[in-house]
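**Q** Here it is: the structure, laid out below.
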Amino acid sequence: MDILRFITAGSVDDGKSTLIGRLLYDSKSILTDQLEAISKQSKNKENGEIDLAILTDGLRAEREQGITIDVAYKYFSTPKRKFIIADAPGHVQYTRNMVTGASNSDLAIILIDARKGVIEQTRRHSLIASLLNIPHVVVAINKMDLVGFSETVFNQIKEDYQAIQESLGLSNVEFIPISALSGENIVDRSAVVMNWYQGDTLLEYLENVEIKQNENLTHPRLSVQYVLRPQSEEFHDYRGYAGKVGSGIFKKGDTVLIQPSGIRTKIKAIEHNLKEVQEVSAGQSVVLHLEDEIDISRGDTIVGEQNAPTVTQNIESLFCWMDTKDLQVGGKYLLQHNSRTVRCVIKNIDYKLNINTLEKETGAKTIQLNEIGKLEIKTASPLVFDSYKELRTNGGAILIDETTNLTAAALILQ
């Protein structure tokens with residue numbers, strides 16, 4: 001059974017947590033003791049209904065404020081598919097959390113309050129979905145019960161969003177009118193109050209949408225995490241390079257390149273789960289043994305001969321700024337990419353994006369929290385990477401503030 005990873009995004013009070021709670025409740029994915037627990041916590045509600053948002057508002061501070069402040073993950077399954085849900089906060093200041101939750105998602109559900117229509121957060125979240133190359137977007141127009149289940153309202157919001165869809169180049173977008181509170185079109189079809197809608201319910205769409213397997217089998221990449229040299233009597237000549245295969249397939253006897261040095265050698269042996277094997281593929285943690293004694297350190301990358309990655313000190317990257325301290329041209333940071341960390345300097349801010357118009361604004365000297373744009377970066381030593389668009393597993397990185405050690409930005413390498 002395959003797994004669909006998706007994120008829910010929307011502004012505050014658009015009903016993300018309630019939607020997820022409804023999905024779990026109506027698909028019968030809530031255990032009896034969980035149901036009893038949330039029933040007790042909902043006892044003070046005036047109408048006596050169960051507050052399904054409690055299921056995902058896991059932190060005490062979240063429950064007290066009635067908003068999501070951290071990315072919450074939930075898991076459930078149906079006979080057709082397994083699901084991993086990331087519930088991202090709606091406040092503008094938590095945009096960075098959405099980037100984190102969306103970075104490995106196959107699909108994004110963007111909620112829109114039917115009373116408010118397309119707003120700035122809708123554009124911001126759609127932009128992030130576009131930058132992160134999320135293959136599918138569902139625009140769930142929620143709270144239809146508060147606009148009289150109006151088809152006219154639904155069609156107007158759909159038309160407004162299609163303008164964003166066109167400007168961002170989003171190709172796979174589905175529109176579904178829903179009411180997370182009452183459950184219309186979530187799991188069960190709204191046959192009476194929204195009988196004008198003939199498409200899939202949300203769960204039907206999630207169960208049947210086609211997803212490509214994330215594992216790339218054509219670009220062998222292994223970022224070395226540890227160099228194993230026990231230097232004991234039993235393992236006197238042992239020298240192995242441990243790490244997780246990020247993509248592709250490595251086979252015994254394959255010719256490989258050690259980057260960034262570019263030295264060529266062959267794979268002498270492969271260990272997986274303490275056993276010698278003939279080949280390994282993406283997602284497996286392994287130890288590679290090479291024919292030649294080469295100076296290899298943590299952070300070096302072992303790659304196949306074909307489909308070579310980029311090796312350079314001059315990097316162009318899209319970014320989402322995550323630090324409360326502004327980005328400055330000339331600022332020095334640490335850049336972490338897989339297991340390699342290098343010093344770097346910001347050479348130029350190519351542009352930042354205006355969230356309302358989605359236009360590129362040039363000439364910026366500083367960047368503030370949650371702003372999105374494009375940077376030119378110079379690293380102290382070469383970086384080995386692929387374009388995020390071509391190979392997600394080797395195209396993402398972060399900037400780290402040298403003094404505070406906090407994550408300053410998420411990078412989408414180009």
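Letters A, B, ... go to the chains of the structure tokens in the order shown; residues in each chain start at 1; ligands are counted from 1 in the same order.
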Neighbouring residues of Thr362 (chain A) were defined as those with any atom within 10 Å, considering only C-alpha atoms; residues of the same chain fewer than 5 positions away were excluded. Please report them as a list of chain:residue names.
**A** A:Ile349, A:Asp350, A:Tyr351, A:Lys352, A:Leu353, A:Gly373, A:Lys374
**Q** Nearest to Glu402 (chain A) among A:Glu291, A:Gln414, A:Leu334, A:Ser381, with distances taken over only C-alpha atoms: which residue is it?
**A**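 Checking each candidate against Glu402 (chain A), we get A:Leu334 as the closest.
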**Q** Going by DSSP on the backbone, which residues of region 253-317 of chain A come out as strand (DSSP E or B)? List them as a VMD selection string.
**A** chain A and resid 255 to 259 263 to 272 275 to 277 279 to 281 285 to 290 301 to 304 310 to 317
**Q** How would the residues just chosen look if you wrote them out with N, CA and C atoms as an mmCIF file, in the first residue's frame?
**A**
data_model
loop_
_atom_site.group_PDB
_atom_site.id
_atom_site.type_symbol
_atom_site.label_atom_id
_atom_site.label_comp_id
_atom_site.auth_asym_id
_atom_site.auth_seq_id
_atom_site.Cartn_x
_atom_site.Cartn_y
_atom_site.Cartn_z
ATOM 1 N N THR A 255 31.608 2.069 -11.164
ATOM 2 C CA THR A 255 32.560 3.178 -11.093
ATOM 3 C C THR A 255 31.847 4.385 -10.495
ATOM 4 N N VAL A 256 32.469 5.020 -9.522
ATOM 5 C CA VAL A 256 31.862 6.180 -8.865
ATOM 6 C C VAL A 256 32.872 7.321 -8.785
ATOM 7 N N LEU A 257 32.337 8.525 -8.581
ATOM 8 C CA LEU A 257 33.179 9.709 -8.388
ATOM 9 C C LEU A 257 33.027 10.188 -6.958
ATOM 10 N N ILE A 258 34.138 10.627 -6.380
ATOM 11 C CA ILE A 258 34.090 11.227 -5.043
ATOM 12 C C ILE A 258 34.087 12.734 -5.238
ATOM 13 N N GLN A 259 33.014 13.375 -4.885
ATOM 14 C CA GLN A 259 32.917 14.822 -5.058
ATOM 15 C C GLN A 259 32.998 15.529 -3.708
ATOM 16 N N ILE A 263 37.677 12.526 -7.777
ATOM 17 C CA ILE A 263 38.485 11.315 -7.927
ATOM 18 C C ILE A 263 37.589 10.124 -8.288
ATOM 19 N N ARG A 264 38.060 9.309 -9.242
ATOM 20 C CA ARG A 264 37.284 8.172 -9.731
ATOM 21 C C ARG A 264 37.781 6.878 -9.079
ATOM 22 N N THR A 265 36.852 6.010 -8.721
ATOM 23 C CA THR A 265 37.217 4.702 -8.164
ATOM 24 C C THR A 265 36.055 3.732 -8.390
ATOM 25 N N LYS A 266 36.167 2.504 -7.840
ATOM 26 C CA LYS A 266 35.096 1.524 -7.981
ATOM 27 C C LYS A 266 34.637 1.020 -6.614
ATOM 28 N N ILE A 267 33.381 0.571 -6.572
ATOM 29 C CA ILE A 267 32.848 0.013 -5.328
ATOM 30 C C ILE A 267 33.329 -1.434 -5.183
ATOM 31 N N LYS A 268 34.061 -1.685 -4.078
ATOM 32 C CA LYS A 268 34.608 -3.025 -3.848
ATOM 33 C C LYS A 268 33.606 -3.924 -3.140
ATOM 34 N N ALA A 269 32.843 -3.332 -2.212
ATOM 35 C CA ALA A 269 31.854 -4.119 -1.461
ATOM 36 C C ALA A 269 30.809 -3.173 -0.886
ATOM 37 N N ILE A 270 29.636 -3.747 -0.581
ATOM 38 C CA ILE A 270 28.539 -2.963 0.005
ATOM 39 C C ILE A 270 27.986 -3.715 1.205
ATOM 40 N N GLU A 271 27.837 -3.015 2.332
ATOM 41 C CA GLU A 271 27.229 -3.607 3.528
ATOM 42 C C GLU A 271 25.880 -2.958 3.798
ATOM 43 N N HIS A 272 24.904 -3.793 4.130
ATOM 44 C CA HIS A 272 23.587 -3.289 4.540
ATOM 45 C C HIS A 272 23.059 -4.222 5.634
ATOM 46 N N LYS A 275 25.306 -7.132 6.614
ATOM 47 C CA LYS A 275 25.501 -8.201 5.638
ATOM 48 C C LYS A 275 26.021 -7.604 4.339
ATOM 49 N N GLU A 276 26.858 -8.364 3.635
ATOM 50 C CA GLU A 276 27.333 -7.893 2.342
ATOM 51 C C GLU A 276 26.256 -8.155 1.289
ATOM 52 N N VAL A 277 25.958 -7.122 0.483
ATOM 53 C CA VAL A 277 24.927 -7.237 -0.552
ATOM 54 C C VAL A 277 25.508 -6.784 -1.886
ATOM 55 N N GLU A 279 23.750 -4.835 -4.194
ATOM 56 C CA GLU A 279 23.323 -3.481 -4.554
ATOM 57 C C GLU A 279 22.432 -2.895 -3.470
ATOM 58 N N VAL A 280 22.362 -1.564 -3.457
ATOM 59 C CA VAL A 280 21.489 -0.836 -2.523
ATOM 60 C C VAL A 280 20.851 0.310 -3.295
ATOM 61 N N SER A 281 19.731 0.814 -2.754
ATOM 62 C CA SER A 281 19.019 1.884 -3.464
ATOM 63 C C SER A 281 18.549 2.965 -2.508
ATOM 64 N N SER A 285 20.308 2.826 4.489
ATOM 65 C CA SER A 285 21.536 3.234 5.169
ATOM 66 C C SER A 285 22.581 2.135 4.979
ATOM 67 N N VAL A 286 23.754 2.495 4.476
ATOM 68 C CA VAL A 286 24.706 1.484 4.015
ATOM 69 C C VAL A 286 26.139 1.877 4.377
ATOM 70 N N VAL A 287 27.040 0.947 4.131
ATOM 71 C CA VAL A 287 28.480 1.212 4.196
ATOM 72 C C VAL A 287 29.083 0.781 2.856
ATOM 73 N N LEU A 288 29.756 1.718 2.186
ATOM 74 C CA LEU A 288 30.417 1.400 0.920
ATOM 75 C C LEU A 288 31.908 1.203 1.164
ATOM 76 N N HIS A 289 32.489 0.212 0.497
ATOM 77 C CA HIS A 289 33.939 -0.003 0.508
ATOM 78 C C HIS A 289 34.451 0.249 -0.909
ATOM 79 N N LEU A 290 35.552 0.997 -1.015
ATOM 80 C CA LEU A 290 36.060 1.389 -2.331
ATOM 81 C C LEU A 290 37.385 0.699 -2.623
ATOM 82 N N THR A 301 30.591 13.596 -1.169
ATOM 83 C CA THR A 301 29.467 12.890 -1.792
ATOM 84 C C THR A 301 29.978 11.864 -2.792
ATOM 85 N N ILE A 302 29.482 10.638 -2.672
ATOM 86 C CA ILE A 302 29.810 9.586 -3.636
ATOM 87 C C ILE A 302 28.668 9.554 -4.652
ATOM 88 N N VAL A 303 29.025 9.713 -5.945
ATOM 89 C CA VAL A 303 27.994 9.808 -6.987
ATOM 90 C C VAL A 303 28.327 8.857 -8.124
ATOM 91 N N GLY A 304 27.318 8.542 -8.932
ATOM 92 C CA GLY A 304 27.536 7.701 -10.102
ATOM 93 C C GLY A 304 28.190 8.487 -11.237
ATOM 94 N N THR A 310 25.917 19.228 -9.792
ATOM 95 C CA THR A 310 26.664 20.483 -9.926
ATOM 96 C C THR A 310 27.691 20.569 -8.801
ATOM 97 N N VAL A 311 28.900 21.002 -9.133
ATOM 98 C CA VAL A 311 29.941 21.216 -8.120
ATOM 99 C C VAL A 311 30.447 22.643 -8.298
ATOM 100 N N THR A 312 30.138 23.520 -7.343
ATOM 101 C CA THR A 312 30.493 24.937 -7.506
ATOM 102 C C THR A 312 30.517 25.645 -6.157
ATOM 103 N N GLN A 313 31.191 26.810 -6.154
ATOM 104 C CA GLN A 313 31.169 27.677 -4.971
ATOM 105 C C GLN A 313 30.189 28.843 -5.154
ATOM 106 N N ASN A 314 29.707 29.035 -6.370
ATOM 107 C CA ASN A 314 28.777 30.139 -6.656
ATOM 108 C C ASN A 314 27.379 29.570 -6.853
ATOM 109 N N ILE A 315 26.489 29.893 -5.925
ATOM 110 C CA ILE A 315 25.185 29.229 -5.869
ATOM 111 C C ILE A 315 24.064 30.251 -6.034
ATOM 112 N N GLU A 316 23.081 29.878 -6.819
ATOM 113 C CA GLU A 316 21.838 30.653 -6.909
ATOM 114 C C GLU A 316 20.752 29.837 -6.227
ATOM 115 N N SER A 317 19.984 30.499 -5.374
ATOM 116 C CA SER A 317 19.005 29.744 -4.595
ATOM 117 C C SER A 317 17.780 30.593 -4.270
#
**Q** Just the number, please: distance in Å from CA of Gly117 (chain A) to CA of Ile157 (chain A), one decimal.
**A**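 Computing it gives 5.7 Å between the two atoms.
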**Q** In Å, rounded to a single decimal, give me how far CA of Lys389 (chain A) is from CA of Tyr73 (chain A).
**A**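 If I compute the distance from CA of Tyr73 (chain A) to CA of Lys389 (chain A), I get 25.0 Å.
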